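start.pdb follows; it contains PDB, C-alpha atoms.
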ATOM      1  CA  MET A  46     166.357  66.493  52.379
ATOM      2  CA  ARG A  47     165.080  69.783  50.971
ATOM      3  CA  ASN A  48     162.916  72.103  53.093
ATOM      4  CA  LEU A  49     160.828  75.015  51.892
ATOM      5  CA  ASP A  50     161.827  78.300  53.494
ATOM      6  CA  MET A  51     158.994  79.971  55.439
ATOM      7  CA  THR A  52     160.181  83.505  54.667
ATOM      8  CA  ALA A  53     160.313  82.735  50.951
ATOM      9  CA  LEU A  54     156.834  81.186  51.088
ATOM     10  CA  ARG A  55     155.447  84.221  52.920
ATOM     11  CA  SER A  56     156.956  86.499  50.281
ATOM     12  CA  PHE A  57     155.458  84.424  47.474
ATOM     13  CA  VAL A  58     151.974  84.369  49.045
ATOM     14  CA  ALA A  59     152.132  88.108  49.792
ATOM     15  CA  VAL A  60     152.995  88.898  46.162
ATOM     16  CA  ALA A  61     150.158  86.657  44.933
ATOM     17  CA  ASP A  62     147.640  88.145  47.405
ATOM     18  CA  HIS A  63     148.634  91.770  47.060
ATOM     19  CA  GLY A  64     149.220  91.883  43.321
ATOM     20  CA  GLY A  65     152.876  92.826  43.184
ATOM     21  CA  VAL A  66     156.191  93.289  44.916
ATOM     22  CA  THR A  67     155.525  96.866  46.011
ATOM     23  CA  ARG A  68     152.462  96.098  48.117
ATOM     24  CA  ALA A  69     153.883  92.798  49.343
ATOM     25  CA  ALA A  70     157.024  94.539  50.579
ATOM     26  CA  GLY A  71     154.914  97.040  52.520
ATOM     27  CA  VAL A  72     152.821  94.323  54.150
ATOM     28  CA  LEU A  73     155.880  92.232  55.057
ATOM     29  CA  ASN A  74     157.937  95.261  56.118
ATOM     30  CA  PHE A  75     160.672  94.197  53.686
ATOM     31  CA  THR A  76     162.397  96.108  50.919
ATOM     32  CA  GLN A  77     161.278  95.364  47.380
ATOM     33  CA  SER A  78     164.695  93.902  46.595
ATOM     34  CA  ALA A  79     164.413  91.565  49.597
ATOM     35  CA  VAL A  80     161.040  90.262  48.386
ATOM     36  CA  SER A  81     162.379  89.783  44.852
ATOM     37  CA  MET A  82     165.376  87.909  46.265
ATOM     38  CA  GLN A  83     163.092  85.584  48.247
ATOM     39  CA  LEU A  84     161.052  84.844  45.126
ATOM     40  CA  LYS A  85     164.172  84.095  43.113
ATOM     41  CA  ARG A  86     165.472  81.848  45.892
ATOM     42  CA  LEU A  87     162.214  79.887  45.941
ATOM     43  CA  GLU A  88     162.219  79.447  42.155
ATOM     44  CA  GLU A  89     165.828  78.265  42.157
ATOM     45  CA  MET A  90     165.153  75.784  44.948
ATOM     46  CA  LEU A  91     162.146  74.267  43.169
ATOM     47  CA  ASP A  92     163.660  74.706  39.702
ATOM     48  CA  VAL A  93     160.408  76.152  38.360
ATOM     49  CA  VAL A  94     159.170  79.559  37.231
ATOM     50  CA  LEU A  95     156.467  80.766  39.626
ATOM     51  CA  LEU A  96     155.660  84.198  38.173
ATOM     52  CA  ASN A  97     155.034  85.439  34.671
ATOM     53  CA  ARG A  98     157.131  88.593  34.352
ATOM     54  CA  SER A  99     156.407  89.293  30.679
ATOM     55  CA  ASN A 100     154.567  92.546  31.410
ATOM     56  CA  ARG A 101     154.028  94.990  34.274
ATOM     57  CA  LYS A 102     151.336  92.900  35.873
ATOM     58  CA  ILE A 103     152.415  89.879  37.847
ATOM     59  CA  ALA A 104     150.610  86.650  37.038
ATOM     60  CA  LEU A 105     151.153  83.190  38.451
ATOM     61  CA  THR A 106     152.370  80.439  36.166
ATOM     62  CA  ALA A 107     150.778  76.990  36.350
ATOM     63  CA  SER A 108     153.498  75.962  38.812
ATOM     64  CA  GLY A 109     152.882  79.125  40.824
ATOM     65  CA  GLU A 110     149.169  78.409  41.074
ATOM     66  CA  GLN A 111     149.920  74.873  42.243
ATOM     67  CA  LEU A 112     152.403  76.059  44.877
ATOM     68  CA  LEU A 113     150.076  78.785  46.185
ATOM     69  CA  GLY A 114     147.639  76.306  47.716
ATOM     70  CA  TYR A 115     150.424  74.383  49.409
ATOM     71  CA  ALA A 116     152.078  77.582  50.611
ATOM     72  CA  ARG A 117     148.891  78.855  52.250
ATOM     73  CA  ARG A 118     148.380  75.590  54.114
ATOM     74  CA  ILE A 119     152.005  75.407  55.233
ATOM     75  CA  ILE A 120     151.938  78.983  56.544
ATOM     76  CA  ASP A 121     148.586  78.510  58.266
ATOM     77  CA  MET A 122     149.755  75.319  59.971
ATOM     78  CA  ASN A 123     153.004  76.971  61.032
ATOM     79  CA  ASP A 124     151.214  79.990  62.482
ATOM     80  CA  GLU A 125     148.644  77.850  64.252
ATOM     81  CA  ALA A 126     151.325  75.668  65.827
ATOM     82  CA  MET A 127     153.370  78.665  66.938
ATOM     83  CA  SER A 128     150.298  80.379  68.341
ATOM     84  CA  ARG A 129     149.046  77.365  70.275
ATOM     85  CA  LEU A 130     152.439  76.389  71.679
ATOM     86  CA  THR A 131     154.109  79.720  72.382
ATOM     87  CA  SER A 132     151.464  82.448  72.667
ATOM     88  CA  GLU A 133     149.717  83.647  75.758
ATOM     89  CA  ILE A 134     146.317  82.136  76.442
ATOM     90  CA  PHE A 135     143.647  84.663  75.555
ATOM     91  CA  GLU A 136     140.111  84.040  76.674
ATOM     92  CA  GLY A 137     136.934  86.081  76.415
ATOM     93  CA  GLU A 138     134.622  87.402  73.727
ATOM     94  CA  ILE A 139     135.027  89.902  70.935
ATOM     95  CA  VAL A 140     132.090  91.361  69.001
ATOM     96  CA  ILE A 141     132.438  92.329  65.344
ATOM     97  CA  GLY A 142     129.663  93.952  63.331
ATOM     98  CA  VAL A 143     129.542  93.783  59.516
ATOM     99  CA  PRO A 144     126.915  94.873  56.967
ATOM    100  CA  HIS A 145     125.258  91.945  55.217
ATOM    101  CA  ASP A 146     126.518  92.924  51.754
ATOM    102  CA  ILE A 147     130.239  92.785  52.598
ATOM    103  CA  VAL A 148     130.367  89.684  54.783
ATOM    104  CA  TYR A 149     131.726  87.643  51.857
ATOM    105  CA  PRO A 150     134.420  86.863  50.957
ATOM    106  CA  VAL A 151     136.679  88.586  53.509
ATOM    107  CA  ILE A 152     135.032  87.931  56.875
ATOM    108  CA  PRO A 153     134.975  84.095  56.889
ATOM    109  CA  ARG A 154     138.658  83.974  55.981
ATOM    110  CA  VAL A 155     139.621  86.536  58.618
ATOM    111  CA  LEU A 156     137.628  84.727  61.290
ATOM    112  CA  GLN A 157     139.266  81.427  60.351
ATOM    113  CA  ARG A 158     142.727  82.967  60.775
ATOM    114  CA  PHE A 159     141.695  84.663  63.994
ATOM    115  CA  ASN A 160     140.372  81.408  65.462
ATOM    116  CA  ALA A 161     143.622  79.643  64.627
ATOM    117  CA  GLU A 162     145.586  82.247  66.576
ATOM    118  CA  PHE A 163     143.124  82.705  69.443
ATOM    119  CA  PRO A 164     141.253  79.400  69.756
ATOM    120  CA  ARG A 165     139.829  80.249  73.185
ATOM    121  CA  MET A 166     138.424  83.620  72.161
ATOM    122  CA  LYS A 167     134.713  83.584  71.353
ATOM    123  CA  VAL A 168     133.743  85.707  68.350
ATOM    124  CA  GLN A 169     130.224  87.085  68.056
ATOM    125  CA  LEU A 170     129.484  88.197  64.496
ATOM    126  CA  VAL A 171     126.634  90.685  64.133
ATOM    127  CA  SER A 172     125.222  91.477  60.690
ATOM    128  CA  ALA A 173     123.137  94.644  60.372
ATOM    129  CA  TYR A 174     122.868  97.896  58.476
ATOM    130  CA  THR A 175     125.575 100.519  58.865
ATOM    131  CA  SER A 176     123.309 102.897  60.791
ATOM    132  CA  LYS A 177     122.439 100.241  63.388
ATOM    133  CA  LEU A 178     126.023  99.022  63.655
ATOM    134  CA  LYS A 179     127.230 102.557  64.336
ATOM    135  CA  ALA A 180     124.518 103.103  66.929
ATOM    136  CA  ASP A 181     125.447  99.856  68.710
ATOM    137  CA  PHE A 182     129.132 100.763  68.502
ATOM    138  CA  ASN A 183     128.474 104.168  70.083
ATOM    139  CA  ARG A 184     126.650 102.418  72.910
ATOM    140  CA  GLY A 185     129.726 100.276  73.523
ATOM    141  CA  MET A 186     128.134  97.062  72.279
ATOM    142  CA  ALA A 187     130.836  96.098  69.746
ATOM    143  CA  ASP A 188     134.622  95.989  69.649
ATOM    144  CA  VAL A 189     134.979  96.563  65.907
ATOM    145  CA  ILE A 190     132.518  97.285  63.116
ATOM    146  CA  LEU A 191     132.806  97.632  59.370
ATOM    147  CA  THR A 192     130.579 100.133  57.595
ATOM    148  CA  THR A 193     129.695 101.149  54.052
ATOM    149  CA  GLU A 194     129.311 104.912  53.823
ATOM    150  CA  ALA A 195     130.358 107.783  51.590
ATOM    151  CA  SER A 196     131.409 110.099  54.445
ATOM    152  CA  PRO A 197     132.672 108.246  57.529
ATOM    153  CA  ASP A 198     133.082 109.900  60.910
ATOM    154  CA  ALA A 199     136.496 111.204  61.942
ATOM    155  CA  GLU A 200     137.325 108.045  63.911
ATOM    156  CA  GLY A 201     136.508 105.758  60.987
ATOM    157  CA  GLU A 202     139.391 104.238  59.040
ATOM    158  CA  VAL A 203     138.815 103.847  55.303
ATOM    159  CA  LEU A 204     139.826 100.339  54.224
ATOM    160  CA  ASP A 205     138.685 100.440  50.603
ATOM    161  CA  ILE A 206     136.760 102.547  48.091
ATOM    162  CA  ARG A 207     134.306 100.830  45.756
ATOM    163  CA  ARG A 208     132.005 101.817  42.914
ATOM    164  CA  MET A 209     128.242 101.558  43.351
ATOM    165  CA  CYS A 210     126.503  99.684  40.548
ATOM    166  CA  TRP A 211     123.014  98.788  39.422
ATOM    167  CA  VAL A 212     122.045  95.131  39.786
ATOM    168  CA  GLY A 213     119.254  93.062  38.319
ATOM    169  CA  ALA A 214     118.250  89.561  37.291
ATOM    170  CA  PRO A 215     120.545  87.887  34.742
ATOM    171  CA  GLY A 216     119.109  88.687  31.330
ATOM    172  CA  GLY A 217     116.459  90.846  32.978
ATOM    173  CA  THR A 218     114.621  93.795  31.437
ATOM    174  CA  ALA A 219     113.270  95.538  34.538
ATOM    175  CA  PHE A 220     115.787  98.360  34.145
ATOM    176  CA  ARG A 221     114.088  99.436  30.888
ATOM    177  CA  GLN A 222     110.604  99.733  32.378
ATOM    178  CA  ARG A 223     109.088 103.080  33.360
ATOM    179  CA  PRO A 224     108.254 103.881  35.977
ATOM    180  CA  LEU A 225     111.433 102.190  37.073
ATOM    181  CA  ARG A 226     110.767  99.750  39.898
ATOM    182  CA  PHE A 227     113.442 100.120  42.564
ATOM    183  CA  ALA A 228     113.973  97.602  45.378
ATOM    184  CA  SER A 229     115.768  98.644  48.550
ATOM    185  CA  ALA A 230     115.339  98.002  52.245
ATOM    186  CA  ARG A 231     114.056 101.025  54.157
ATOM    187  CA  THR A 232     117.149 101.095  56.367
ATOM    188  CA  CYS A 233     119.693 100.771  53.535
ATOM    189  CA  ILE A 234     122.247 103.571  53.799
ATOM    190  CA  PHE A 235     122.524 103.764  49.973
ATOM    191  CA  ARG A 236     118.796 104.334  49.471
ATOM    192  CA  GLY A 237     118.712 108.121  49.723
ATOM    193  CA  ASP A 238     121.666 108.667  47.382
ATOM    194  CA  VAL A 239     120.255 106.281  44.775
ATOM    195  CA  ILE A 240     116.837 107.945  44.828
ATOM    196  CA  ARG A 241     118.435 111.383  44.456
ATOM    197  CA  ALA A 242     120.479 110.107  41.485
ATOM    198  CA  MET A 243     117.335 108.832  39.737
ATOM    199  CA  GLU A 244     115.429 112.040  40.365
ATOM    200  CA  ALA A 245     118.356 114.179  39.179
ATOM    201  CA  GLU A 246     118.190 112.316  35.846
ATOM    202  CA  GLY A 247     114.427 112.787  35.644
ATOM    203  CA  ILE A 248     113.723 109.061  35.922
ATOM    204  CA  ASP A 249     110.178 108.199  36.940
ATOM    205  CA  TRP A 250     110.451 105.485  39.611
ATOM    206  CA  GLU A 251     108.391 103.620  42.165
ATOM    207  CA  ASN A 252     109.040 101.531  45.251
ATOM    208  CA  ALA A 253     108.987  97.787  44.552
ATOM    209  CA  VAL A 254     109.109  96.510  48.150
ATOM    210  CA  GLU A 255     108.391  97.590  51.709
ATOM    211  CA  THR A 256     110.879  95.689  53.830
ATOM    212  CA  GLU A 257     113.891  95.838  56.111
ATOM    213  CA  GLN A 258     115.192  92.454  54.910
ATOM    214  CA  ASP A 259     117.945  92.092  52.316
ATOM    215  CA  ARG A 260     116.677  88.651  51.312
ATOM    216  CA  THR A 261     113.312  90.109  50.316
ATOM    217  CA  VAL A 262     115.046  92.719  48.192
ATOM    218  CA  GLU A 263     117.266  90.113  46.529
ATOM    219  CA  ALA A 264     114.299  87.827  45.790
ATOM    220  CA  THR A 265     112.358  90.683  44.176
ATOM    221  CA  ILE A 266     115.296  91.686  41.999
ATOM    222  CA  SER A 267     116.176  88.107  41.003
ATOM    223  CA  ALA A 268     112.567  87.657  39.815
ATOM    224  CA  ASP A 269     113.144  90.635  37.451
ATOM    225  CA  LEU A 270     110.438  92.614  39.226
ATOM    226  CA  ALA A 271     112.809  95.474  40.087
ATOM    227  CA  ILE A 272     116.427  96.584  40.113
ATOM    228  CA  GLY A 273     118.646  97.600  42.997
ATOM    229  CA  ALA A 274     122.002  99.163  43.821
ATOM    230  CA  MET A 275     124.987  97.497  45.497
ATOM    231  CA  ILE A 276     128.699  97.966  45.969
ATOM    232  CA  GLU A 277     130.480  96.595  42.920
ATOM    233  CA  GLY A 278     131.650  93.042  43.513
ATOM    234  CA  THR A 279     129.236  92.291  46.368
ATOM    235  CA  GLU A 280     126.254  91.174  44.304
ATOM    236  CA  PRO A 281     125.100  87.615  45.156
ATOM    237  CA  ALA A 282     125.247  84.821  42.582
ATOM    238  CA  GLN A 283     121.580  85.181  41.598
ATOM    239  CA  LEU A 284     122.045  88.842  40.593
ATOM    240  CA  THR A 285     124.258  90.538  38.035
ATOM    241  CA  GLN A 286     125.505  94.018  37.257
ATOM    242  CA  ILE A 287     123.304  95.778  34.712
ATOM    243  CA  GLU A 288     124.921  96.846  31.436
ATOM    244  CA  HIS A 289     122.642  99.822  30.923
ATOM    245  CA  HIS A 290     124.803 101.864  28.498
ATOM    246  CA  GLY A 291     123.856 105.166  30.087
ATOM    247  CA  GLU A 292     120.142 104.458  30.526
ATOM    248  CA  LEU A 293     120.627 104.673  34.295
ATOM    249  CA  PRO A 294     122.554 107.300  36.276
ATOM    250  CA  LYS A 295     126.013 106.756  37.716
ATOM    251  CA  LEU A 296     125.917 106.105  41.446
ATOM    252  CA  GLY A 297     129.325 107.249  42.617
ATOM    253  CA  MET A 298     131.567 105.565  45.151
ATOM    254  CA  GLN A 299     131.204 104.098  48.630
ATOM    255  CA  LYS A 300     133.834 103.586  51.296
ATOM    256  CA  ILE A 301     134.320 100.454  53.363
ATOM    257  CA  CYS A 302     135.359 101.711  56.784
ATOM    258  CA  MET A 303     136.412 100.275  60.120
ATOM    259  CA  TYR A 304     135.687 101.556  63.624
ATOM    260  CA  ALA A 305     137.363  99.974  66.639
ATOM    261  CA  GLN A 306     137.306 100.568  70.381
ATOM    262  CA  ASP A 307     139.105  98.721  73.165
ATOM    263  CA  ARG A 308     136.551  97.174  75.493
ATOM    264  CA  GLY A 309     139.232  95.098  77.199
ATOM    265  CA  ALA A 310     140.348  92.939  74.260
ATOM    266  CA  GLY A 311     143.604  94.900  73.895
ATOM    267  CA  GLN A 312     146.162  92.847  71.978
ATOM    268  CA  VAL A 313     143.462  90.591  70.540
ATOM    269  CA  LEU A 314     141.589  93.572  69.094
ATOM    270  CA  GLU A 315     144.792  94.926  67.608
ATOM    271  CA  ARG A 316     145.418  91.630  65.848
ATOM    272  CA  LEU A 317     141.851  91.381  64.521
ATOM    273  CA  THR A 318     141.882  94.911  63.104
ATOM    274  CA  GLY A 319     145.269  94.176  61.549
ATOM    275  CA  MET A 320     143.849  91.142  59.768
ATOM    276  CA  LEU A 321     140.884  93.135  58.457
ATOM    277  CA  ARG A 322     143.117  95.979  57.335
ATOM    278  CA  ALA A 323     145.499  93.658  55.470
ATOM    279  CA  SER A 324     142.633  91.805  53.775
ATOM    280  CA  TYR A 325     141.147  94.968  52.301
ATOM    281  CA  THR A 326     144.282  96.947  51.504
ATOM    282  CA  GLY A 327     145.697  93.855  49.859
ATOM    283  CA  GLY A 328     142.807  93.619  47.421
ATOM    284  CA  GLU A 329     141.540  90.266  48.743
ATOM    285  CA  ALA A 330     138.131  91.618  49.524
ATOM    286  CA  LEU A 331     136.008  92.264  46.498
ATOM    287  CA  GLY A 332     138.401  92.262  43.583
ATOM    288  CA  ARG A 333     140.884  95.023  42.839
ATOM    289  CA  THR A 334     139.811  98.473  41.699
ATOM    290  CA  ALA A 335     141.628 100.420  39.041
ATOM    291  CA  HIS A 336     143.662 102.469  41.498
ATOM    292  CA  GLN A 337     144.822  99.272  43.179
ATOM    293  CA  THR A 338     145.853  97.432  40.046
ATOM    294  CA  SER A 339     147.996 100.359  38.903
ATOM    295  CA  ASP A 340     150.466  99.427  41.617
ATOM    296  CA  LEU A 341     151.247  96.007  40.158
ATOM    297  CA  VAL A 342     154.926  95.695  39.333
ATOM    298  CA  THR A 343     157.151  92.901  38.189
ATOM    299  CA  ALA A 344     159.554  91.124  40.482
TER     300      ALA A 344
END
Translate this file's structure into structure tokens.
Amino acid sequence: MRNLDMTALRSFVAVADHGGVTRAAGVLNFTQSAVSMQLKRLEEMLDVVLLNRSNRKIALTASGEQLLGYARRIIDMNDEAMSRLTSEIFEGEIVIGVPHDIVYPVIPRVLQRFNAEFPRMKVQLVSAYTSKLKADFNRGMADVILTTEASPDAEGEVLDIRRMCWVGAPGGTAFRQRPLRFASARTCIFRGDVIRAMEAEGIDWENAVETEQDRTVEATISADLAIGAMIEGTEPAQLTQIEHHGELPKLGMQKICMYAQDRGAGQVLERLTGMLRASYTGGEALGRTAHQTSDLVTA
């Protein structure tokens, strides 16, 4: 009877998730040679090639893609069983605040993992704008919050840096109209910077909506009645990045940050922040940026 080795599976999944041996080794606290050895061991056991090593970027082979789904389920089941049978029983509530535009795809996956490890902990997810989340956090109303801001406070931990982009309706022409109709919620933290960028380029613009609701903004943009600005990779399915070829100004970068405070959750909070940190630094969040992909190495 042949059994898959958990350490080898964890190494394989880490390399697939984090884009290369270097980052995977850091996450696993292994040496690069140890990770490479685990990958080789797994390939020899299965008698298949799991990774395409023909260039500097690691890519999964067809067999690797097939194994990845199995490996995730095996690891998740193992961790859930170990947690339920051997871990302390943690009970209580933990509050996490996240801006609407970065809830997907990271947060559901993190919460699923968290629930598997701490099934008796209640999680309250609050979605609001960065300014409100920070105000609630400062009043002690949340254990951990994520924010999107260019200049975080000293206690904020930067998890990722993303480009801002213009978004519009697929095939839309609103970005060519003048005055340019711009849709943004009044409380959006990006609003001021985007307006200043338009005015610096001498673009005549006008407000397309008066709202505090993201859904209203998205509906207006998807109808090609206006354009908006979002963090690259966070645009919903009904919107698309605008290929404006210089007709619109560049919008700079935004940071995804994390703030945490111990309101009694202790070890549970530490585990939750660790999951969030690993998800973003590993490039699982919104697709890898250029500075992240440069770290990809072969096994």
Report as a PyMOL selection string the full result of the PyMOL selection byres ((chain A and resi 80) around 9) when it is applied to this structure. chain A and resi 53+56-57+60+66-67+69-70+73+75-79+81-85+344
Using only C-alpha atoms for the distances, tell me which of A:Ala274, A:Leu284, A:Leu130, A:Leu87 is nearest to Arg208 of chain A. A:Ala274
Give me the result of the PyMOL selection byres ((chain A and resi 286-301) around 9) on this file, residue by residue, as a PyMOL selection string. chain A and resi 147+191-197+202-217+220-221+235+238-239+242-243+245-246+248+272+274-278+280+284-285+302-303+325
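Taken over the whole file, the PyMOL selection byres ((chain A and resi 190) around 6) covers exactly Ile141, Gly142, Val143, Val189, Leu191, Met303 and Tyr304 of chain A.
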Distance of atom CA of Arg117 of chain A from atom CA of Pro150 of chain A, expressed in Å to one decimal place: 16.6 Å
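Separating atom CA of Gly71 of chain A from atom CA of Val168 of chain A is a distance of 28.8 Å.
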Take the point (137.7, 84.5, 56.2) as written in the file and pick out every residue within 12 Å of it, counting only C-alpha atoms; give the list as a ChimeraX atom specification. /A:147-161,317,320-321,324-325,329-330
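Coordinates place atom CA of Phe182 of chain A at a distance of 14.8 Å from atom CA of Ala310 of chain A.
Ranking A:Asn74, A:Gln283, A:Thr318, A:Asn252 by their shortest atom-to-atom distance to Ile139 of chain A, with all atoms listed in the file included, puts A:Thr318 first.
The smallest atom-to-atom distance between Gln312 of chain A and any of A:Val254, A:Tyr174, A:Phe163, A:Thr326, using all atoms listed in the file, is found for A:Phe163.
Shortest atom-to-atom contact with Pro281 of chain A among A:Arg226, A:Lys167, A:Lys179, A:His145: A:His145, counting all atoms listed in the file.
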Which residues are close to Asn97 of chain A, i.e. within 6 Å by all atoms listed in the file, leaving aside same-chain residues fewer than 6 positions away? Reply as a PyMOL selection string. chain A and resi 104-106
Write the selection just made, keeping C-alpha atoms, as a PDB file, in the coordinates of the input?
ATOM      1  CA  ALA A 104     150.610  86.650  37.038  1.00  0.00           C
ATOM      2  CA  LEU A 105     151.153  83.190  38.451  1.00  0.00           C
ATOM      3  CA  THR A 106     152.370  80.439  36.166  1.00  0.00           C
TER       4      THR A 106
END
Where is the centre and how long are the edges: axis-aligned box on segment 228-243 of chain A, 3 Å on each side, Å to one decimal, as AutoDock Vina command-line options:
--center_x 118.2 --center_y 104.5 --center_z 48.1 --size_x 14.6 --size_y 19.8 --size_z 22.6
